[in-house]
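Here the structure comes first, spelled out in structure tokens, and everything after it is commentary.
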Amino acid sequence: MSTEEDTVQEKKTISLKTSDDEVFELEENVAMEFGTVKAFFGDDGVPRDMMMPIPNVHSKELTRIIDFCTKHLDLKPKAELDEAGKKELRKFYKEYMKEDTTERIMELILAADYLNVNDFLDLLNQTVADRISNKSVEYVRKLFGIESDYTPEEEEALREQYAWAFEGVDEDPAED
């Protein structure tokens, strides 16, 4: 048996069962990126044949989180070594969330928060912040499904009183 095969056989895995009853086998180093998993198993290590239920996470979101953690674990050590690695990690962050809808990102935020995956949660929150940056109040309300607490008269008075806050706001993006 080769050394590479020995290494593969020695890798510990952790089983996670999602809310839609899918079971995922993760390498321990990836699973330990999840603060919830780390807390569940504690310092005693991972017992064999044990499955951790994650009832608040759907398999679709878990797949995306696992993908992020796997790639992030690969890039993070390089980023700590040199500027080229940092640049590669920043590029990964920039490209990773590009195609996701805001609704999908909100679902991922809930899952990443439940699993306590801080690096991914930071990226998700920054993505939302970037998407609402310099947007109108109406756009942000519509995006998050928020109804105004103000009457039209109260809102108009606030717009007049704080007119400076509404200057230079980007035009709302066209709907799909």
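In the structure tokens, chains take letters A, B, ... by order of appearance, with residues numbered from 1 within each chain and ligands from 1 in the order shown.
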Segment 12-167 of chain A: residues DSSP assigns to alpha helix (DSSP H), reported as an MDAnalysis selection string: chainID A and resid 28:31 35:41 59:81 83:96 102:115 118:132 137:144 152:161
Can you tell me, as an mmCIF file with N, CA and C atoms, in the first residue's frame, what residues are no more than 9 Å from segment 162-173 of chain A when counting only C-alpha atoms, ignoring any on the same chain fewer than 5 positions away?
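Wrote it out as around_17.cif, contents follow:
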```
data_model
loop_
_atom_site.group_PDB
_atom_site.id
_atom_site.type_symbol
_atom_site.label_atom_id
_atom_site.label_comp_id
_atom_site.auth_asym_id
_atom_site.auth_seq_id
_atom_site.Cartn_x
_atom_site.Cartn_y
_atom_site.Cartn_z
ATOM 1 N N SER A 133 -25.745 48.840 -1.022
ATOM 2 C CA SER A 133 -24.974 50.070 -0.891
ATOM 3 C C SER A 133 -25.455 51.112 -1.889
ATOM 4 N N ASN A 134 -25.777 52.281 -1.365
ATOM 5 C CA ASN A 134 -26.171 53.434 -2.166
ATOM 6 C C ASN A 134 -27.464 53.205 -2.960
ATOM 7 N N LYS A 135 -28.325 52.323 -2.461
ATOM 8 C CA LYS A 135 -29.615 52.069 -3.106
ATOM 9 C C LYS A 135 -30.707 52.857 -2.371
ATOM 10 N N SER A 136 -31.817 53.035 -3.039
ATOM 11 C CA SER A 136 -32.921 53.783 -2.447
ATOM 12 C C SER A 136 -33.585 52.982 -1.328
ATOM 13 N N VAL A 137 -34.281 53.719 -0.474
ATOM 14 C CA VAL A 137 -35.024 53.092 0.612
ATOM 15 C C VAL A 137 -36.059 52.125 0.037
ATOM 16 N N GLU A 138 -36.721 52.543 -1.034
ATOM 17 C CA GLU A 138 -37.749 51.712 -1.654
ATOM 18 C C GLU A 138 -37.163 50.393 -2.169
ATOM 19 N N TYR A 139 -35.995 50.489 -2.776
ATOM 20 C CA TYR A 139 -35.338 49.289 -3.305
ATOM 21 C C TYR A 139 -35.011 48.314 -2.175
ATOM 22 N N ALA A 157 -42.154 64.116 5.122
ATOM 23 C CA ALA A 157 -41.543 65.059 6.077
ATOM 24 C C ALA A 157 -40.102 64.642 6.389
#
```
Residue neighbourhood segment 72-74 of chain A, 10 Å, only C-alpha atoms, exclusion window fewer than 3 positions, as a PyMOL selection string: chain A and resi 29-30+33+66-69+77-79+89+92-93+119-120
Output file for the residues above (C-alpha atoms, as an mmCIF file, in the first residue's frame):
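part_6.cif, written as the output of this step:
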```
data_model
loop_
_atom_site.group_PDB
_atom_site.id
_atom_site.type_symbol
_atom_site.label_atom_id
_atom_site.label_comp_id
_atom_site.auth_asym_id
_atom_site.auth_seq_id
_atom_site.Cartn_x
_atom_site.Cartn_y
_atom_site.Cartn_z
ATOM 1 C CA ASN A 29 -11.069 19.370 8.688
ATOM 2 C CA VAL A 30 -13.918 20.735 6.549
ATOM 3 C CA GLU A 33 -14.924 24.829 9.996
ATOM 4 C CA ILE A 66 -19.204 22.662 2.063
ATOM 5 C CA ASP A 67 -17.996 23.866 -1.336
ATOM 6 C CA PHE A 68 -17.011 27.235 0.138
ATOM 7 C CA CYS A 69 -15.211 25.707 3.130
ATOM 8 C CA PRO A 77 -2.850 28.994 3.911
ATOM 9 C CA LYS A 78 -1.596 30.439 0.617
ATOM 10 C CA ALA A 79 -3.040 33.835 1.547
ATOM 11 C CA LEU A 89 -8.341 34.570 -2.033
ATOM 12 C CA PHE A 92 -12.307 33.790 -4.979
ATOM 13 C CA TYR A 93 -14.445 35.889 -2.591
ATOM 14 C CA ASP A 119 -15.738 33.171 7.161
ATOM 15 C CA PHE A 120 -18.670 32.318 4.886
#
```
Shell of 10 Å around Met106 of chain A, only C-alpha atoms, local chain residues under 4 positions omitted, as a list in words: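 Final neighbour list, sorted by chain and number: Asp100, Thr101, Thr102, Leu110, Ala111, Ala112, Leu124, Asn125, Val128 and Phe144 of chain A.
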Export N, CA, C and O atoms of the chosen residues as a short mmCIF file (atom, residue, chain, number, x, y, z; two decimals), in the first residue's frame?
```cif
data_model
loop_
_atom_site.label_atom_id
_atom_site.label_comp_id
_atom_site.auth_asym_id
_atom_site.auth_seq_id
_atom_site.Cartn_x
_atom_site.Cartn_y
_atom_site.Cartn_z
N ASP A 100 -25.42 34.22 -7.33
CA ASP A 100 -26.51 33.92 -6.41
C ASP A 100 -27.50 35.08 -6.30
O ASP A 100 -27.10 36.24 -6.27
N THR A 101 -28.77 34.74 -6.23
CA THR A 101 -29.80 35.76 -6.02
C THR A 101 -29.76 36.20 -4.56
O THR A 101 -29.23 35.49 -3.69
N THR A 102 -30.35 37.34 -4.30
CA THR A 102 -30.39 37.83 -2.92
C THR A 102 -31.21 36.89 -2.04
O THR A 102 -30.83 36.62 -0.90
N LEU A 110 -28.85 32.21 6.79
CA LEU A 110 -29.50 31.47 7.88
C LEU A 110 -28.75 30.16 8.17
O LEU A 110 -28.52 29.81 9.33
N ALA A 111 -28.39 29.44 7.11
CA ALA A 111 -27.68 28.16 7.29
C ALA A 111 -26.28 28.37 7.85
O ALA A 111 -25.86 27.66 8.77
N ALA A 112 -25.56 29.34 7.31
CA ALA A 112 -24.19 29.61 7.77
C ALA A 112 -24.20 30.11 9.22
O ALA A 112 -23.31 29.77 10.00
N LEU A 124 -21.03 36.42 2.98
CA LEU A 124 -22.45 36.59 2.65
C LEU A 124 -22.95 37.96 3.07
O LEU A 124 -23.63 38.66 2.30
N ASN A 125 -22.62 38.35 4.29
CA ASN A 125 -23.08 39.66 4.78
C ASN A 125 -22.46 40.80 3.98
O ASN A 125 -23.15 41.78 3.68
N VAL A 128 -24.38 41.10 0.72
CA VAL A 128 -25.65 41.80 0.88
C VAL A 128 -25.39 43.30 1.04
O VAL A 128 -26.07 44.13 0.41
N PHE A 144 -36.03 43.21 0.73
CA PHE A 144 -36.18 42.42 1.95
C PHE A 144 -37.63 42.21 2.37
O PHE A 144 -37.90 41.62 3.42
#
```
Residue among A:Val23, A:Met97, A:Ile105, A:Ile54 lying closest to Leu143 of chain A, counting only C-alpha atoms: A:Ile105
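Near Ile14 of chain A, within 6 Å and counting only C-alpha atoms, sit Glu25, Leu26 and Glu28 of chain A, not including residues fewer than 2 positions from it in the same chain.
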Only N, CA and C atoms, please: the residues just picked out, written as a short mmCIF file (atom, residue, chain, number, x, y, z; two decimals), in the first residue's frame.
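Dumped everything to again.cif:
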```
data_model
loop_
_atom_site.label_atom_id
_atom_site.label_comp_id
_atom_site.auth_asym_id
_atom_site.auth_seq_id
_atom_site.Cartn_x
_atom_site.Cartn_y
_atom_site.Cartn_z
N GLU A 25 -21.12 13.09 4.07
CA GLU A 25 -19.87 12.65 4.70
C GLU A 25 -18.82 13.71 4.40
N LEU A 26 -18.34 14.37 5.43
CA LEU A 26 -17.35 15.43 5.26
C LEU A 26 -16.03 15.03 5.89
N GLU A 28 -13.06 15.61 8.24
CA GLU A 28 -13.12 16.27 9.54
C GLU A 28 -12.64 17.72 9.49
#
```
Distance of atom CA of Ala31 of chain A from atom CA of Lys12 of chain A, expressed in Å to one decimal place: 10.2 Å
Two-atom distance - atom CA of Glu147 of chain A, atom CA of Asp130 of chain A (Å):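 Result for atom CA of Glu147 of chain A versus atom CA of Asp130 of chain A: 21.8 Å, one decimal.
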DSSP-assigned strand (DSSP E or B) members of segment 26-86 of chain A, reported as a list in words: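 Those residues are Leu26, Glu27, Met51, Met52, Pro53 and Ile54 of chain A.
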Atom CA of Glu22 of chain A to atom CA of Met52 of chain A, distance in Å rounded to a single decimal: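 Value for the atom CA of Glu22 of chain A-atom CA of Met52 of chain A distance: 11.6 Å.
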